[in-house]
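Peer 1: Just dropping this structure here.
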Amino acid sequence: MSTPSTPSTPASYFEDLYREAADPWHLAERWYEHRKYELTVASLPQRRYRRAFEPACSVGELTSRLAQRCDSLLACDRIESAVESASRRTRDLPQVEVR
């Protein structure tokens, strides 16, 4: 019988990273990340979605791109500082809820 595993990296580690920098991995700046997000959105089989869910949204870079294709988008992250960053990034997108 297996036992449930716990995350290998505690949430406090990520919370500290986001406290020190709004975008600790520079997701908004790196060409590689932009390309990855564009390919992700381009791979979606439908033009438009009524509802979507984005787990682990981090600072909301992909979230803002997905929002252009969604009537309603729920983006979540377990790190409160990341949620705050994603909320700021998407505040002008009424179809986006970040938790």
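Chain identifiers are assigned as A, B, and so on, following the order in which chains appear in the structure tokens; residues are numbered from 1 within each chain, and ligands are numbered from 1 in order of appearance.
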Give me the residues near Val59 (chain A) as a PyMOL selection string, where near means some atom within 7 Å (using only C-alpha atoms) and where sequence neighbours in that chain fewer than 2 positions away do not count.

Peer 2: chain A and resi 23+57+61+82-83+85-86

Peer 1: Could you write out that same residue set with N, CA, C and O atoms as a CSV table (one decimal), in the first residue's frame?

Peer 2:
```csv
chain,number,residue,atom,x,y,z
A,23,ASP,N,8.7,38.5,-10.4
A,23,ASP,CA,8.8,37.5,-11.4
A,23,ASP,C,10.1,36.8,-11.3
A,23,ASP,O,11.1,37.1,-12.0
A,57,CYS,N,-0.5,28.9,-12.1
A,57,CYS,CA,-0.4,30.0,-13.1
A,57,CYS,C,0.8,30.9,-12.9
A,57,CYS,O,1.1,31.8,-13.7
A,61,GLU,N,1.7,35.1,-16.8
A,61,GLU,CA,2.1,35.3,-18.2
A,61,GLU,C,1.2,34.5,-19.2
A,61,GLU,O,0.7,35.0,-20.2
A,82,ALA,N,2.5,34.8,-5.8
A,82,ALA,CA,2.3,34.6,-7.3
A,82,ALA,C,0.8,34.9,-7.7
A,82,ALA,O,0.6,35.6,-8.7
A,83,VAL,N,-0.1,34.6,-6.8
A,83,VAL,CA,-1.5,35.0,-7.1
A,83,VAL,C,-1.7,36.5,-7.1
A,83,VAL,O,-2.3,37.0,-8.0
A,85,SER,N,0.7,38.6,-8.0
A,85,SER,CA,1.3,39.1,-9.3
A,85,SER,C,0.4,38.8,-10.5
A,85,SER,O,0.2,39.7,-11.3
A,86,ALA,N,-0.2,37.6,-10.5
A,86,ALA,CA,-1.1,37.2,-11.6
A,86,ALA,C,-2.3,38.1,-11.6
A,86,ALA,O,-2.8,38.5,-12.7
```

Peer 1: I'd like the neighbourhood of region 42-54 of chain A as a PyMOL selection string, where a residue qualifies if any of its atoms comes within 12 Å (using only C-alpha atoms), though same-chain residues fewer than 4 positions away should be ignored.

Peer 2: chain A and resi 35-38+58-77+86+95-99

Peer 1: Write out as a PDB file with N, CA, C and O atoms, in the first residue's frame all residues of chain A that backbone DSSP assigns to strand (DSSP E or B).

Peer 2:
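As a result, out-v7.pdb now contains:
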```pdb
ATOM      1  N   TYR A  49     -13.035  29.111 -26.004  1.00  0.00           N
ATOM      2  CA  TYR A  49     -13.479  28.228 -24.930  1.00  0.00           C
ATOM      3  C   TYR A  49     -14.409  28.988 -24.002  1.00  0.00           C
ATOM      4  O   TYR A  49     -14.164  30.147 -23.685  1.00  0.00           O
ATOM      5  N   ARG A  50     -15.471  28.317 -23.608  1.00  0.00           N
ATOM      6  CA  ARG A  50     -16.414  28.936 -22.678  1.00  0.00           C
ATOM      7  C   ARG A  50     -15.793  29.089 -21.301  1.00  0.00           C
ATOM      8  O   ARG A  50     -15.893  30.133 -20.677  1.00  0.00           O
ATOM      9  N   ARG A  51     -15.137  28.021 -20.818  1.00  0.00           N
ATOM     10  CA  ARG A  51     -14.473  28.032 -19.516  1.00  0.00           C
ATOM     11  C   ARG A  51     -13.144  27.309 -19.611  1.00  0.00           C
ATOM     12  O   ARG A  51     -13.019  26.332 -20.333  1.00  0.00           O
ATOM     13  N   ALA A  52     -12.186  27.791 -18.820  1.00  0.00           N
ATOM     14  CA  ALA A  52     -10.875  27.124 -18.778  1.00  0.00           C
ATOM     15  C   ALA A  52     -10.305  27.235 -17.368  1.00  0.00           C
ATOM     16  O   ALA A  52     -10.688  28.113 -16.590  1.00  0.00           O
ATOM     17  N   PHE A  53      -9.386  26.328 -17.082  1.00  0.00           N
ATOM     18  CA  PHE A  53      -8.703  26.300 -15.788  1.00  0.00           C
ATOM     19  C   PHE A  53      -7.207  26.214 -16.042  1.00  0.00           C
ATOM     20  O   PHE A  53      -6.746  25.374 -16.823  1.00  0.00           O
ATOM     21  N   GLU A  54      -6.456  27.082 -15.398  1.00  0.00           N
ATOM     22  CA  GLU A  54      -4.993  27.049 -15.489  1.00  0.00           C
ATOM     23  C   GLU A  54      -4.414  26.805 -14.098  1.00  0.00           C
ATOM     24  O   GLU A  54      -4.391  27.708 -13.263  1.00  0.00           O
ATOM     25  N   CYS A  70     -10.721  32.744 -24.005  1.00  0.00           N
ATOM     26  CA  CYS A  70     -11.683  32.189 -23.047  1.00  0.00           C
ATOM     27  C   CYS A  70     -12.732  33.211 -22.624  1.00  0.00           C
ATOM     28  O   CYS A  70     -12.413  34.382 -22.407  1.00  0.00           O
ATOM     29  N   ASP A  71     -13.963  32.738 -22.501  1.00  0.00           N
ATOM     30  CA  ASP A  71     -15.016  33.581 -21.934  1.00  0.00           C
ATOM     31  C   ASP A  71     -14.849  33.711 -20.425  1.00  0.00           C
ATOM     32  O   ASP A  71     -15.175  34.734 -19.850  1.00  0.00           O
ATOM     33  N   SER A  72     -14.341  32.654 -19.801  1.00  0.00           N
ATOM     34  CA  SER A  72     -14.121  32.625 -18.359  1.00  0.00           C
ATOM     35  C   SER A  72     -12.894  31.766 -18.090  1.00  0.00           C
ATOM     36  O   SER A  72     -12.799  30.648 -18.587  1.00  0.00           O
ATOM     37  N   LEU A  73     -11.959  32.297 -17.308  1.00  0.00           N
ATOM     38  CA  LEU A  73     -10.720  31.583 -17.011  1.00  0.00           C
ATOM     39  C   LEU A  73     -10.442  31.662 -15.514  1.00  0.00           C
ATOM     40  O   LEU A  73     -10.400  32.753 -14.948  1.00  0.00           O
ATOM     41  N   LEU A  74     -10.267  30.507 -14.905  1.00  0.00           N
ATOM     42  CA  LEU A  74      -9.871  30.425 -13.510  1.00  0.00           C
ATOM     43  C   LEU A  74      -8.404  30.007 -13.482  1.00  0.00           C
ATOM     44  O   LEU A  74      -8.042  28.938 -13.983  1.00  0.00           O
ATOM     45  N   ALA A  75      -7.552  30.867 -12.928  1.00  0.00           N
ATOM     46  CA  ALA A  75      -6.124  30.584 -12.810  1.00  0.00           C
ATOM     47  C   ALA A  75      -5.787  30.478 -11.328  1.00  0.00           C
ATOM     48  O   ALA A  75      -6.207  31.311 -10.535  1.00  0.00           O
ATOM     49  N   VAL A  96     -11.128  36.865 -16.180  1.00  0.00           N
ATOM     50  CA  VAL A  96     -10.112  36.100 -15.451  1.00  0.00           C
ATOM     51  C   VAL A  96     -10.332  36.232 -13.948  1.00  0.00           C
ATOM     52  O   VAL A  96     -10.491  37.335 -13.426  1.00  0.00           O
ATOM     53  N   GLU A  97     -10.331  35.088 -13.272  1.00  0.00           N
ATOM     54  CA  GLU A  97     -10.331  35.051 -11.818  1.00  0.00           C
ATOM     55  C   GLU A  97      -9.067  34.309 -11.396  1.00  0.00           C
ATOM     56  O   GLU A  97      -8.776  33.237 -11.892  1.00  0.00           O
ATOM     57  N   VAL A  98      -8.301  34.924 -10.499  1.00  0.00           N
ATOM     58  CA  VAL A  98      -7.067  34.306 -10.007  1.00  0.00           C
ATOM     59  C   VAL A  98      -7.244  33.982  -8.541  1.00  0.00           C
ATOM     60  O   VAL A  98      -7.656  34.835  -7.758  1.00  0.00           O
TER      61      VAL A  98
END
```

Peer 1: Using only C-alpha atoms, determine which residues lie at most 12 Å from Arg19 (chain A), disregarding the query and same-chain residues fewer than 2 positions distant; provide the list as a PyMOL selection string.

Peer 2: chain A and resi 12-17+21-24+79-85

Peer 1: With C-alpha atoms retained, write the just-selected residues as a PDB file, in the first residue's frame.

Peer 2:
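The file below, part_33.pdb, is the result:
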```pdb
ATOM      1  CA  SER A  12       7.693  28.719   1.929  1.00  0.00           C
ATOM      2  CA  TYR A  13      10.612  28.378  -0.513  1.00  0.00           C
ATOM      3  CA  PHE A  14       8.474  29.691  -3.388  1.00  0.00           C
ATOM      4  CA  GLU A  15       6.832  32.316  -1.200  1.00  0.00           C
ATOM      5  CA  ASP A  16      10.292  33.689  -0.398  1.00  0.00           C
ATOM      6  CA  LEU A  17      11.214  33.757  -4.100  1.00  0.00           C
ATOM      7  CA  ALA A  21      11.010  39.428  -6.993  1.00  0.00           C
ATOM      8  CA  ALA A  22       7.621  39.827  -8.648  1.00  0.00           C
ATOM      9  CA  ASP A  23       8.774  37.489 -11.447  1.00  0.00           C
ATOM     10  CA  PRO A  24      11.555  35.323  -9.977  1.00  0.00           C
ATOM     11  CA  ILE A  79       1.730  30.655  -3.599  1.00  0.00           C
ATOM     12  CA  GLU A  80      -0.098  33.791  -2.475  1.00  0.00           C
ATOM     13  CA  SER A  81       2.570  36.155  -3.810  1.00  0.00           C
ATOM     14  CA  ALA A  82       2.258  34.566  -7.251  1.00  0.00           C
ATOM     15  CA  VAL A  83      -1.530  34.953  -7.061  1.00  0.00           C
ATOM     16  CA  GLU A  84      -1.054  38.639  -6.279  1.00  0.00           C
ATOM     17  CA  SER A  85       1.275  39.091  -9.270  1.00  0.00           C
TER      18      SER A  85
END
```

Peer 1: So how far away is CA of Leu39 (chain A) from CA of Asp92 (chain A), in Å?

Peer 2: 23.6 Å

Peer 1: Between CA of Leu27 (chain A) and CA of Ala56 (chain A), measure the distance and give it in Å to one decimal.

Peer 2: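 Between CA of Leu27 (chain A) and CA of Ala56 (chain A) the gap works out to 13.4 Å.
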
Peer 1: Taking the chain letters and numbering used in this document, name the residues of region 36-88 of chain A that DSSP puts in alpha helix (DSSP H), as a list of chain:residue names.

Peer 2: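 Residues of region 36-88 of chain A classed as alpha helix (DSSP H): A:Lys36, A:Tyr37, A:Glu38, A:Leu39, A:Thr40, A:Val41, A:Ala42, A:Glu61, A:Leu62, A:Thr63, A:Ser64, A:Arg65, A:Leu66, A:Ala67, A:Glu80, A:Ser81, A:Ala82, A:Val83, A:Glu84, A:Ser85, A:Ala86, A:Ser87, A:Arg88.
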
Peer 1: Quick one: distance from CA of Arg78 (chain A) to CA of Glu33 (chain A) in Å, one decimal?

Peer 2: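 CA of Glu33 (chain A) lies 20.9 Å from CA of Arg78 (chain A).
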